[in-house]
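K.L.:
Encoded as structure tokens, here's the structure I'll be asking about.
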Amino acid sequence: MRRQLPFFFVFLFGTFMVVQNFVPHEYSERAKEFLSDWTIIIGIFALALGIWSLIHVSLDKINKRKPNWEYSFVTLVGLVAMIFFGFTANVSGSWLTYFAALMVLLISLWLLVQGILGAGAGVTKAKEKFFAGIGLAAIFTFIALYDKSWAFHFYTSEGLENPLFKHFFSDIMVPLQATMFALLAFFISSASYRAFRARNLLATLLLIAALIVMLRFTPGPWGDLISKTSTWVMNVPNLAAQRAIVIGIGLGMVATALKVILGIERGYMGKG
Amino acid sequence: METVGIWCGAILTLAIFSFLYKDNPVYKACEAIFIGVSAGYYAIVYFFDSIYKKFWLGAVTADQPEEWLFGGAILGVLFLTRLFPKISWVARWPLAFIVGATAGLYMVNYFVTNAMNQVASTITDVIARGDAGDINWIQSFGTLVILVGVITGLMYFFFSKEHKGAFGGGAKVGIWFLMVTFGASFGYTVMSRMSLLIGRMDFLLGDWLGLIN
Amino acid sequence: MLNTIATVILLLMGLSLIYVLYLTIKGRPVERRIVFLYIGFGVMLPLLMKMTPPLPITSDVQRLYDHIITLPPGSKVLCAFDYDPPSAPELHPMAVAFVKYAFKHNLKLIIMGLWPQGPQQANMAIAAALEDPAVALFPHEQGVDWVNLGFQSGNEFVILSMGSEFKRMFPRDTRLIPYDSIALLKNVVNFSNIDFIMNFGAGYPGTKEWVQIGVDRFKAKLGAGNTAVQATEVYPYLSSGQIVGLLGGMSGAAEFEKVLGEKGKATTFLLAQMFGHATVMAFVIIGNVAFLVLGRKKKDAAGNN
Amino acid sequence: MKNLFNMSRFKIVFTVCVLLSLYSFVNAQAPAVTTVGITPPAPVTELTAVDTDNDHGHSITVKWTPSADDGAGANNVLGYRVMRSNSFEGPFNDTVGVVPLGSTNFENSSSIEEGAEGFIPDNTDFYYRVDALTGDSLVFSSSEVTGPVHSYGQWFNKGLIPVFFAVIIFTALTVLFVSAARKGKELYVRPLAGIEAVDDAIGRATEMGRPILYVFGLGVASDIATIASFTILSRVAKRVAEYQTNLIVPCYDPIIMTVAQDIVKTAYMDAGRPNDYKEDAVFFITQAQFAYVGAVNGIMIRELPATNIYMGKFYAESLMLAETGVVSGSIQIAGTDEIAQIPFFVVACDYTLIGEELFAASAYLGREPLLLGSLKAQDYAKAAVLVLALLGILAVNFSGDLGLTWLVNFKDWFKVID
């Protein structure tokens, strides 16, 4: 019974959404609103599971001193700090107690999680750590209540305006993201150098098409001819093949969606 | 505060570039910071966007609350049963909802946009006439090539038919078209990858070192 | 001063490539990290040089421009910022040029984003546009001339809901002012009250979803600016007329700046692009020449023993 | 005296405003308008109002033939104003829309939300009148009233009839072939290099005693490419459980992580080794594209996996993963339906599944009759699309000379109007 029920739900929701596509009526549109909002909300709960898995794996690496375990500390500090910034907003600018509170929170969380993981995960003196964690957490709440210069915000999004949250985003995430992406310029060059060899007919076609399109900026009379051929290559053979792949993918998706709804395809439910 | 931000960005940029030489502790540290900070950032952004703005404001504290949002929250809580191995099979229900609902939506959507509309735009008049009725040869040749490309491309993707004889010939022409499109889009994207690197160099030379005005 | 130094170094690097070719033919192919060095400097040095490359306006960009100029003053344009900092180098110059044109021609901008960092990119684009004194003269009041409705997660489901009502997906703008009390959005219910959609997209969700739902389903007029990678996937929608025009990658941005008559970063970056491309092609040619020479050598060696 | 002066100033300001607002509706080629002593234009004729078809209700389409003085005759019509009222004689002071000259219809619609502005309740009678407007706002002529008319939502969208039949035929084909396959009918499927490579790549990893890296990419659990990837993972996990090679599955999406954990655990149980299942073989990294790629690149360089398998939705990071994989000397097999990324996998990986080959992989790996049956149906659908496309092309190009006029509107079957 436990295995069949989910597939019945898949069939139910799947057929509903297929039929809903053909029914423009108000109720069908409202139903689609419900379902799309549900998907968004479920996504959030799943994210909580993901964060727990990240914490669990990092702690496991630290406790068992697996290779590169020191860096898991850095990940956990980054994670907790960012979440802490996100939920607090600085009201009147005294940063001292703010950082003191953050340090206390980090240590107390560290001890609490160690305590919860317990002896199983190779944690020594789990009980004492757990209570120490509780004690520190009490101190943290005392600081949070006493110091009015910043405040916890679970109910409003002022946290997003916290200068530390914004600076962590713009000064750490943005440059890291942009530079990781920029590595592609190096990788595309080494890939071209290594792979674009006229080994056989197919590789030669790949090479010629790439060269024509890469040369589309060369100035001068030759450049004009090449840029015209490159536009032609992009608008004719490229369009034709793209369209064949798109039609193929379209039909492939419809077939797979149908297999899922009819319960022929069950791999995603864990049954191989 | 501004210069601290730029220096921090520059150091991180150089640290990531060092990965090109070889894996080193500085890169490992940046990787770890990046994972932690980004996981925290998206947790907060998605929390405030979905739970707070849509669920808390939309359902719990709204004047005429949208009760059906609670359905999503219940399914979400069901999902959390993964944490307890004994009852973790319950988590299959919200998954069934997500996969089933989206499969149903995608099935018709992709049928219309990918299959029907693309086929419709393939069915065109091969002979393209200029406004004075004279045949525009280049355009007509182009449309003919597109038709041949689409048909042979589709032939390549047949699974249950042996690629032999005339059908095999068609499929071979199809893979030629595919290789041309892969080469062309690879060449086309060299430019966008370069512009990423240019963006970083502009940051290093301009904002950080101030060599570019 | 920097200009001359950079040009000299670049020339030396060009010459050294011949030595690299010699090495590869000798059977000692160049190591990956050397290729990286050449690309790094090949892209960095042109940024210090003052040359500007010649630039023809392609039809994809011209078609978008021809459509934009038909938008009468006061028409409402929905700007979908679906990209993030990594794809900003290509799309930011396009967005800045578009915002400058919009303010100068009194187009009302309704900004939103399907990517979390999209709306922030929009604010940066508006700030960059207003740095130009010529643009700052025109009215640019937030809430009257432009409004930023922020990010909403849910990908194409967001567009689906916007089809019936914008307010459902964007109850408040980024300043948390409710939808109904924003002057610009007074009688804007859904796509039928919007004159044009301009989508800056870098992947999923992006132009494909706006075509699938915004155009195919709700009959909106859509123009798109995409990164070079994503542009190849959007071409079929341009040729079937589902979008009115397409700006592809940095060359699209530079052409758009040129056709609008705006001086911006894209034009200076294009020179660096050309040198980057030249370096990549040089190594491809080196690889093939060496492959052919070594191939023939192997054949000779096989031939005579 | 003072208010008289104000009054006249008020009238001037008022007319200027109306003129300006009207002017903004009139497009460029408005004819020269004679303002002095405008004679009322001929009213609009054949006014009809019906519920807008194929919609979710709350919308009425008003159609009319333009006034004789629009673009001809006195040529003084600037636009049309659509008025609505709840009764035939009732006061028409509810302007629902103003359209420029030359227009012949207007859709008076509202959203489905009760409190929305200008909300049109369904199944309530309305009466419409269209006024032909001139330069002088006081001079216009009204048509006769039409109605009663009420809006309602349709339960079937007639514009989607071609799609409806296509879906029905496709489902029938699938059921037909699946039942044929169940009865043991042998189904031929051409060899796919990428899929065969998966088995010997796992063998290679076992010999070398190095891990296998399985990457889902940036898709979510409901992406069809990710669902196809789950099936491939379950096949890989089964072999991994038998050969006891260790498996690393770094995840970008938390839902995929939970499903993948389930798949790997079930594989170990089916192979009779439940306790060999390592809890963190499948783990979450982060939901940021490049932080995820940085972490996976780090894993590749440090763990040196023998085989990297990339199956699912990939975006710009495809080449970063593949190039780092080359550096760490692994065999790489990739499959994605993201067209923009297939070239990078083709160039950098050893084997690549192009577009729908990824979806066919589940049928290949298991050789399960049911999946082969649905693959057969997919091929028949492709054959149908090919034949219909060829027919359409013939129709459009040669319909004139061969007299196959009925084929001409064949193309509209594919044009989807909704």
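The way I read the labels, and the way they are meant: chains A, B, ... in the order of the structure tokens, residue 1 as the first residue of every chain, and ligand 1 as the first ligand shown, with later ones counted on from there.
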For Ile41 in chain A, find every residue with an atom within 9 Å (counting only C-alpha atoms), except residues of its own chain fewer than 2 positions away, and show them as a short mmCIF file (atom, residue, chain, number, x, y, z; two decimals) with N, CA, C and O atoms, in the first residue's frame.
P.N.:
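Output file around_38.cif follows:
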```cif
data_model
loop_
_atom_site.label_atom_id
_atom_site.label_comp_id
_atom_site.auth_asym_id
_atom_site.auth_seq_id
_atom_site.Cartn_x
_atom_site.Cartn_y
_atom_site.Cartn_z
N SER A 36 0.48 26.05 -8.02
CA SER A 36 1.81 26.66 -8.23
C SER A 36 2.32 27.25 -6.91
O SER A 36 3.49 27.16 -6.60
N ASP A 37 1.41 27.82 -6.10
CA ASP A 37 1.89 28.36 -4.81
C ASP A 37 2.32 27.23 -3.90
O ASP A 37 3.30 27.34 -3.17
N TRP A 38 1.61 26.08 -3.95
CA TRP A 38 2.02 24.95 -3.10
C TRP A 38 3.44 24.52 -3.46
O TRP A 38 4.28 24.28 -2.57
N THR A 39 3.73 24.46 -4.76
CA THR A 39 5.07 24.00 -5.16
C THR A 39 6.13 24.91 -4.56
O THR A 39 7.15 24.44 -4.05
N GLY A 43 8.99 23.85 -1.70
CA GLY A 43 10.41 24.07 -2.01
C GLY A 43 11.14 24.61 -0.80
O GLY A 43 12.30 24.26 -0.55
N ILE A 44 10.46 25.46 -0.04
CA ILE A 44 11.13 26.06 1.12
C ILE A 44 11.41 25.01 2.19
O ILE A 44 12.50 24.93 2.74
N PHE A 45 10.44 24.17 2.46
CA PHE A 45 10.66 23.14 3.51
C PHE A 45 11.80 22.22 3.07
O PHE A 45 12.65 21.81 3.86
N ALA A 46 11.86 21.96 1.76
CA ALA A 46 12.94 21.08 1.28
C ALA A 46 14.28 21.77 1.49
O ALA A 46 15.27 21.13 1.87
N SER B 50 9.06 33.46 0.06
CA SER B 50 7.93 32.52 0.00
C SER B 50 7.23 32.42 1.34
O SER B 50 6.06 32.74 1.46
N ILE B 51 7.95 32.02 2.38
CA ILE B 51 7.26 31.80 3.67
C ILE B 51 6.69 33.13 4.16
O ILE B 51 5.51 33.26 4.43
N LYS B 54 4.53 35.36 0.99
CA LYS B 54 3.36 34.68 0.42
C LYS B 54 2.55 33.98 1.51
O LYS B 54 1.35 34.15 1.61
N PHE B 55 3.25 33.25 2.37
CA PHE B 55 2.50 32.41 3.32
C PHE B 55 2.08 33.21 4.55
O PHE B 55 0.91 33.33 4.85
N LEU B 69 -3.48 28.06 1.10
CA LEU B 69 -2.01 28.05 1.19
C LEU B 69 -1.56 27.05 2.25
O LEU B 69 -0.46 26.49 2.19
N GLY B 72 -0.30 23.77 1.08
CA GLY B 72 1.12 23.71 0.71
C GLY B 72 1.97 23.53 1.94
O GLY B 72 2.91 22.73 1.96
N ALA B 73 1.62 24.21 3.02
CA ALA B 73 2.44 24.10 4.25
C ALA B 73 2.34 22.67 4.79
O ALA B 73 3.35 22.09 5.20
N LEU B 75 1.81 19.90 3.12
CA LEU B 75 2.65 19.04 2.27
C LEU B 75 4.12 19.28 2.60
O LEU B 75 4.93 18.36 2.67
N GLY B 76 4.45 20.55 2.87
CA GLY B 76 5.84 20.87 3.21
C GLY B 76 6.26 20.18 4.49
O GLY B 76 7.34 19.58 4.57
#
```
K.L.:
For range 166-169 of chain A, please output as number ranges by chain all residues within 10 Å (counting only C-alpha atoms; exclusion window: fewer than 4 positions along the same chain).
P.N.:
A: 78, 81-82, 85-86, 159-162, 173-176; B: 1-2, 4-5, 37-38, 41
K.L.:
Please write the residues from the selection above to a file, keeping N, CA, C and O atoms, as a PDB file, in the first residue's frame.
P.N.:
```pdb
ATOM      1  N   GLY A  78      30.201  30.697   7.933  1.00  0.00           N
ATOM      2  CA  GLY A  78      29.582  31.519   6.870  1.00  0.00           C
ATOM      3  C   GLY A  78      28.077  31.344   6.866  1.00  0.00           C
ATOM      4  O   GLY A  78      27.307  32.315   6.819  1.00  0.00           O
ATOM      5  N   ALA A  81      26.447  32.779  10.172  1.00  0.00           N
ATOM      6  CA  ALA A  81      26.557  34.249  10.197  1.00  0.00           C
ATOM      7  C   ALA A  81      25.539  34.862   9.228  1.00  0.00           C
ATOM      8  O   ALA A  81      24.795  35.786   9.570  1.00  0.00           O
ATOM      9  N   MET A  82      25.448  34.297   8.022  1.00  0.00           N
ATOM     10  CA  MET A  82      24.559  34.885   6.999  1.00  0.00           C
ATOM     11  C   MET A  82      23.095  34.800   7.468  1.00  0.00           C
ATOM     12  O   MET A  82      22.331  35.760   7.352  1.00  0.00           O
ATOM     13  N   PHE A  85      22.608  37.353  10.173  1.00  0.00           N
ATOM     14  CA  PHE A  85      22.453  38.720   9.636  1.00  0.00           C
ATOM     15  C   PHE A  85      21.062  38.888   9.032  1.00  0.00           C
ATOM     16  O   PHE A  85      20.416  39.917   9.181  1.00  0.00           O
ATOM     17  N   GLY A  86      20.614  37.838   8.360  1.00  0.00           N
ATOM     18  CA  GLY A  86      19.344  37.946   7.640  1.00  0.00           C
ATOM     19  C   GLY A  86      18.163  38.201   8.566  1.00  0.00           C
ATOM     20  O   GLY A  86      17.182  38.820   8.180  1.00  0.00           O
ATOM     21  N   GLY A 159      15.699  42.507   7.911  1.00  0.00           N
ATOM     22  CA  GLY A 159      16.999  41.821   7.958  1.00  0.00           C
ATOM     23  C   GLY A 159      17.746  41.960   6.637  1.00  0.00           C
ATOM     24  O   GLY A 159      18.957  42.103   6.602  1.00  0.00           O
ATOM     25  N   LEU A 160      16.932  41.965   5.526  1.00  0.00           N
ATOM     26  CA  LEU A 160      17.604  42.045   4.221  1.00  0.00           C
ATOM     27  C   LEU A 160      18.331  43.377   4.089  1.00  0.00           C
ATOM     28  O   LEU A 160      19.190  43.534   3.222  1.00  0.00           O
ATOM     29  N   GLU A 161      17.949  44.334   4.925  1.00  0.00           N
ATOM     30  CA  GLU A 161      18.606  45.651   4.810  1.00  0.00           C
ATOM     31  C   GLU A 161      19.826  45.738   5.728  1.00  0.00           C
ATOM     32  O   GLU A 161      20.525  46.736   5.738  1.00  0.00           O
ATOM     33  N   ASN A 162      20.051  44.683   6.513  1.00  0.00           N
ATOM     34  CA  ASN A 162      21.193  44.716   7.440  1.00  0.00           C
ATOM     35  C   ASN A 162      22.472  44.945   6.639  1.00  0.00           C
ATOM     36  O   ASN A 162      22.778  44.166   5.728  1.00  0.00           O
ATOM     37  N   MET A 173      29.832  37.244  -2.225  1.00  0.00           N
ATOM     38  CA  MET A 173      29.178  36.358  -3.202  1.00  0.00           C
ATOM     39  C   MET A 173      29.359  36.863  -4.631  1.00  0.00           C
ATOM     40  O   MET A 173      29.703  36.083  -5.526  1.00  0.00           O
ATOM     41  N   VAL A 174      29.143  38.155  -4.851  1.00  0.00           N
ATOM     42  CA  VAL A 174      29.191  38.657  -6.234  1.00  0.00           C
ATOM     43  C   VAL A 174      30.567  38.447  -6.857  1.00  0.00           C
ATOM     44  O   VAL A 174      30.666  37.838  -7.936  1.00  0.00           O
ATOM     45  N   PRO A 175      31.677  38.889  -6.217  1.00  0.00           N
ATOM     46  CA  PRO A 175      32.980  38.652  -6.860  1.00  0.00           C
ATOM     47  C   PRO A 175      33.275  37.161  -7.046  1.00  0.00           C
ATOM     48  O   PRO A 175      33.768  36.756  -8.115  1.00  0.00           O
ATOM     49  N   LEU A 176      32.929  36.329  -6.063  1.00  0.00           N
ATOM     50  CA  LEU A 176      33.211  34.886  -6.207  1.00  0.00           C
ATOM     51  C   LEU A 176      32.421  34.330  -7.388  1.00  0.00           C
ATOM     52  O   LEU A 176      32.958  33.627  -8.246  1.00  0.00           O
TER      53      LEU A 176
ATOM     54  N   MET B   1      34.518  52.053   3.998  1.00  0.00           N
ATOM     55  CA  MET B   1      33.798  50.784   3.859  1.00  0.00           C
ATOM     56  C   MET B   1      33.860  50.338   2.378  1.00  0.00           C
ATOM     57  O   MET B   1      34.036  49.170   2.057  1.00  0.00           O
ATOM     58  N   GLU B   2      33.785  51.328   1.479  1.00  0.00           N
ATOM     59  CA  GLU B   2      33.752  50.991   0.064  1.00  0.00           C
ATOM     60  C   GLU B   2      35.062  50.297  -0.339  1.00  0.00           C
ATOM     61  O   GLU B   2      35.054  49.226  -0.957  1.00  0.00           O
ATOM     62  N   VAL B   4      37.152  48.676   1.486  1.00  0.00           N
ATOM     63  CA  VAL B   4      37.264  47.327   2.092  1.00  0.00           C
ATOM     64  C   VAL B   4      36.555  46.326   1.182  1.00  0.00           C
ATOM     65  O   VAL B   4      37.084  45.267   0.829  1.00  0.00           O
ATOM     66  N   GLY B   5      35.384  46.719   0.706  1.00  0.00           N
ATOM     67  CA  GLY B   5      34.620  45.818  -0.162  1.00  0.00           C
ATOM     68  C   GLY B   5      35.390  45.484  -1.419  1.00  0.00           C
ATOM     69  O   GLY B   5      35.512  44.333  -1.820  1.00  0.00           O
ATOM     70  N   VAL B  37      28.222  31.027   2.776  1.00  0.00           N
ATOM     71  CA  VAL B  37      27.522  32.323   2.622  1.00  0.00           C
ATOM     72  C   VAL B  37      26.364  32.174   1.630  1.00  0.00           C
ATOM     73  O   VAL B  37      25.243  32.641   1.872  1.00  0.00           O
ATOM     74  N   SER B  38      26.592  31.446   0.531  1.00  0.00           N
ATOM     75  CA  SER B  38      25.511  31.353  -0.483  1.00  0.00           C
ATOM     76  C   SER B  38      24.352  30.519   0.063  1.00  0.00           C
ATOM     77  O   SER B  38      23.186  30.859  -0.158  1.00  0.00           O
ATOM     78  N   TYR B  41      22.551  32.817   2.304  1.00  0.00           N
ATOM     79  CA  TYR B  41      21.869  33.889   1.554  1.00  0.00           C
ATOM     80  C   TYR B  41      20.570  33.367   0.939  1.00  0.00           C
ATOM     81  O   TYR B  41      19.501  33.960   1.117  1.00  0.00           O
TER      82      TYR B  41
END
```
K.L.:
Could you pull out all residues of range 252-373 of chain D with a DSSP call of strand (DSSP E or B) and give them as a VMD selection string?
P.N.:
chain D and resid 282 to 284 307 to 313 331 to 336 351 to 354
K.L.:
Put those residues in a file: C-alpha atoms, as a short mmCIF file (atom, residue, chain, number, x, y, z; two decimals), in the first residue's frame.
P.N.:
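Result file is result.cif:
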```cif
data_model
loop_
_atom_site.label_atom_id
_atom_site.label_comp_id
_atom_site.auth_asym_id
_atom_site.auth_seq_id
_atom_site.Cartn_x
_atom_site.Cartn_y
_atom_site.Cartn_z
CA VAL D 282 24.45 11.75 -1.29
CA PHE D 283 24.69 15.25 0.25
CA PHE D 284 23.52 18.82 -0.26
CA THR D 307 34.10 8.25 -13.83
CA ASN D 308 32.04 11.44 -13.90
CA ILE D 309 28.41 11.09 -14.94
CA TYR D 310 26.50 14.33 -15.65
CA MET D 311 22.79 13.67 -16.30
CA GLY D 312 20.07 16.31 -15.96
CA LYS D 313 19.69 20.07 -16.44
CA ILE D 331 35.94 9.11 -18.15
CA GLN D 332 33.05 11.53 -18.61
CA ILE D 333 29.52 10.70 -19.79
CA ALA D 334 27.02 13.56 -20.07
CA GLY D 335 23.37 13.95 -21.02
CA THR D 336 21.18 17.05 -20.97
CA TYR D 351 30.23 10.37 -24.51
CA THR D 352 27.22 12.69 -24.75
CA LEU D 353 23.47 11.95 -24.88
CA ILE D 354 21.94 14.62 -27.10
#
```
K.L.:
Per residue of chain A within 7 Å of chain C, which atom pair is closest and at what distance in Å (one decimal), using only C-alpha atoms, listed by chain and increasing number, as a tab-separated table?
P.N.:
```
residue	atom	partner	partner_atom	distance
A:Glu33	CA	C:Ser161	CA	6.7
A:Ser36	CA	C:Phe157	CA	6.0
A:Ile40	CA	C:Gly154	CA	5.9
A:Val174	CA	C:Pro85	CA	6.2
A:Gln177	CA	C:Pro86	CA	6.0
A:Ala178	CA	C:Pro86	CA	4.3
A:Phe181	CA	C:Pro86	CA	6.1
A:Phe186	CA	C:Phe36	CA	5.5
A:Ser189	CA	C:Val280	CA	5.5
A:Ser190	CA	C:Arg32	CA	6.2
A:Ser192	CA	C:Val284	CA	6.1
A:Tyr193	CA	C:Val284	CA	4.8
A:Phe196	CA	C:Val284	CA	6.4
A:Arg197	CA	C:Asn288	CA	5.4
A:Ala198	CA	C:Asn288	CA	6.8
A:Met214	CA	C:His277	CA	6.7
A:Pro219	CA	C:Pro54	CA	6.7
A:Leu239	CA	C:Pro236	CA	6.2
```
K.L.:
Could you list, with a cut-off of 6 Å and counting only C-alpha atoms, the residues of chain A near chain B, each shown with its nearest atom pair and the distance in Å rounded to one decimal, rows sorted by chain and ascending number, as a tab-separated table?
P.N.:
```
residue	atom	partner	partner_atom	distance
A:Pro6	CA	B:Trp93	CA	5.4
A:Phe9	CA	B:Ala96	CA	6.0
A:Val10	CA	B:Gly100	CA	4.2
A:Phe13	CA	B:Ala101	CA	5.0
A:Gly14	CA	B:Gly104	CA	4.3
A:Met17	CA	B:Gly104	CA	4.7
A:Val18	CA	B:Gly104	CA	4.7
A:Trp38	CA	B:Gly72	CA	4.1
A:Ile41	CA	B:Gly72	CA	5.8
A:Ile42	CA	B:Gly76	CA	4.4
A:Phe45	CA	B:Gly76	CA	5.3
A:Tyr71	CA	B:Ala32	CA	5.8
A:Val74	CA	B:Ala32	CA	5.9
A:Thr75	CA	B:Gly36	CA	4.2
A:Leu76	CA	B:Gly36	CA	5.9
A:Gly78	CA	B:Gly36	CA	4.5
A:Leu79	CA	B:Gly36	CA	4.2
A:Met82	CA	B:Gly40	CA	5.1
A:Ile83	CA	B:Gly40	CA	5.2
A:Gly86	CA	B:Ile44	CA	6.0
A:Asp171	CA	B:Gly5	CA	5.1
A:Pro175	CA	B:Gly9	CA	5.3
A:Thr179	CA	B:Thr13	CA	5.7
A:Ala182	CA	B:Leu197	CA	4.5
A:Leu184	CA	B:Arg193	CA	5.8
A:Ala185	CA	B:Arg193	CA	4.7
A:Leu205	CA	B:Val180	CA	5.8
A:Leu206	CA	B:Gly183	CA	4.2
A:Ala209	CA	B:Ala184	CA	4.9
A:Ala210	CA	B:Gly187	CA	4.3
A:Val213	CA	B:Gly187	CA	5.4
A:Met214	CA	B:Gly187	CA	5.0
A:Val236	CA	B:Ile146	CA	5.7
A:Asn238	CA	B:Thr181	CA	4.4
A:Ala240	CA	B:Ile146	CA	4.7
A:Ala241	CA	B:Leu178	CA	5.5
A:Ala244	CA	B:Val150	CA	4.8
A:Val246	CA	B:Asn114	CA	5.7
A:Ile247	CA	B:Ala115	CA	4.8
A:Gly250	CA	B:Asn114	CA	4.9
A:Val254	CA	B:Met107	CA	4.7
A:Ala257	CA	B:Ala103	CA	4.8
```
K.L.:
Could you pull the residues within 12 Å of Pro211 in chain D, counting only C-alpha atoms, minus those fewer than 6 positions along the same chain, as a list in words?
P.N.:
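Final neighbour list, sorted by chain and number: Ala201, Ile202, Gly203, Arg204, Ala205, Val240, Tyr243, Gln244, Thr245, Asn246, Leu247, Ile248, Val249, Ala281, Ile299, Met300, Arg302, Glu303, Leu304, Pro305, Ala306, Thr307, Asn308, Ile309, Ser330 and Ile331 of chain D.
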K.L.:
Give as a list in words every residue of chain D that touches chain A within 6 Å, counting only C-alpha atoms.
P.N.:
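Using only C-alpha atoms, chain D residues at most 6 Å from chain A: Asp55, His56, Gly153, Gln154, Trp155, Phe156, Asn157, Ile227, Phe230, Thr231, Ser234, Pro254, Ile255, Asp262, Ile263, Phe284, Phe290, Gly355 and Glu356 of chain D.
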K.L.:
Okay, now the selection with N, CA, C and O atoms, as a CSV table (one decimal), in the first residue's frame?
P.N.:
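Once everything was written out, this is result38.csv:
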```csv
chain,number,residue,atom,x,y,z
D,55,ASP,N,-12.3,31.7,-22.8
D,55,ASP,CA,-11.6,32.5,-21.7
D,55,ASP,C,-12.1,32.1,-20.4
D,55,ASP,O,-13.0,31.3,-20.3
D,56,HIS,N,-11.6,32.7,-19.3
D,56,HIS,CA,-12.0,32.3,-18.0
D,56,HIS,C,-13.2,33.2,-17.5
D,56,HIS,O,-13.4,33.5,-16.4
D,153,GLY,N,-17.4,31.7,-18.3
D,153,GLY,CA,-16.2,31.0,-18.7
D,153,GLY,C,-16.5,29.8,-19.4
D,153,GLY,O,-17.5,29.1,-19.2
D,154,GLN,N,-15.7,29.5,-20.4
D,154,GLN,CA,-15.9,28.2,-21.2
D,154,GLN,C,-15.2,27.1,-20.5
D,154,GLN,O,-14.2,27.3,-19.8
D,155,TRP,N,-15.8,25.9,-20.6
D,155,TRP,CA,-15.2,24.7,-20.0
D,155,TRP,C,-14.2,24.0,-20.9
D,155,TRP,O,-13.5,23.1,-20.5
D,156,PHE,N,-14.2,24.3,-22.2
D,156,PHE,CA,-13.2,23.7,-23.1
D,156,PHE,C,-12.7,24.8,-24.1
D,156,PHE,O,-13.5,25.5,-24.6
D,157,ASN,N,-11.4,24.8,-24.3
D,157,ASN,CA,-10.8,25.9,-25.1
D,157,ASN,C,-10.7,25.3,-26.5
D,157,ASN,O,-9.9,24.5,-26.9
D,227,ILE,N,14.0,13.7,-13.8
D,227,ILE,CA,13.3,12.5,-13.6
D,227,ILE,C,14.0,11.3,-14.4
D,227,ILE,O,14.3,10.3,-13.9
D,230,PHE,N,17.1,10.3,-12.6
D,230,PHE,CA,16.9,9.4,-11.4
D,230,PHE,C,17.0,8.0,-11.8
D,230,PHE,O,17.6,7.1,-11.2
D,231,THR,N,16.4,7.7,-13.0
D,231,THR,CA,16.4,6.2,-13.5
D,231,THR,C,17.8,5.8,-13.7
D,231,THR,O,18.2,4.7,-13.4
D,234,SER,N,19.5,5.1,-10.5
D,234,SER,CA,19.1,3.9,-9.8
D,234,SER,C,19.9,2.7,-10.5
D,234,SER,O,20.3,1.8,-9.8
D,254,PRO,N,17.6,20.5,-2.8
D,254,PRO,CA,17.4,19.6,-1.7
D,254,PRO,C,16.4,18.5,-1.9
D,254,PRO,O,16.5,17.4,-1.4
D,255,ILE,N,15.4,18.7,-2.8
D,255,ILE,CA,14.4,17.6,-3.1
D,255,ILE,C,15.1,16.5,-3.8
D,255,ILE,O,14.9,15.3,-3.5
D,262,ASP,N,17.1,8.1,-1.3
D,262,ASP,CA,16.2,7.0,-1.4
D,262,ASP,C,16.6,6.0,-2.4
D,262,ASP,O,16.7,4.8,-2.1
D,263,ILE,N,17.0,6.5,-3.6
D,263,ILE,CA,17.3,5.5,-4.7
D,263,ILE,C,18.6,4.7,-4.3
D,263,ILE,O,18.6,3.5,-4.4
D,284,PHE,N,23.9,17.5,0.3
D,284,PHE,CA,23.5,18.8,-0.3
D,284,PHE,C,24.7,19.8,-0.2
D,284,PHE,O,25.5,19.7,0.8
D,290,PHE,N,27.4,28.7,-8.8
D,290,PHE,CA,28.9,28.7,-8.9
D,290,PHE,C,29.5,28.2,-7.6
D,290,PHE,O,30.6,27.6,-7.6
D,355,GLY,N,20.0,15.8,-26.2
D,355,GLY,CA,18.5,16.0,-26.1
D,355,GLY,C,17.7,14.8,-25.6
D,355,GLY,O,17.9,14.3,-24.5
D,356,GLU,N,16.9,14.3,-26.5
D,356,GLU,CA,15.9,13.3,-26.1
D,356,GLU,C,16.6,11.9,-25.9
D,356,GLU,O,16.0,11.0,-25.4
```
K.L.:
List the spatial neighbours of Leu78 in chain D as a PyMOL selection string - criterion: any atom at most 6 Å away, only C-alpha atoms, same-chain residues fewer than 3 positions off excluded.
P.N.:
chain D and resi 101+133-134
K.L.:
At a cut-off of 7 Å, list the chain D residues touching chain B, using only C-alpha atoms, as a ChimeraX atom specification.
P.N.:
/D:188-190,221-222,285-288,291,294-295,343-344,376,379,386,389,392-393,396-397,411,414-415
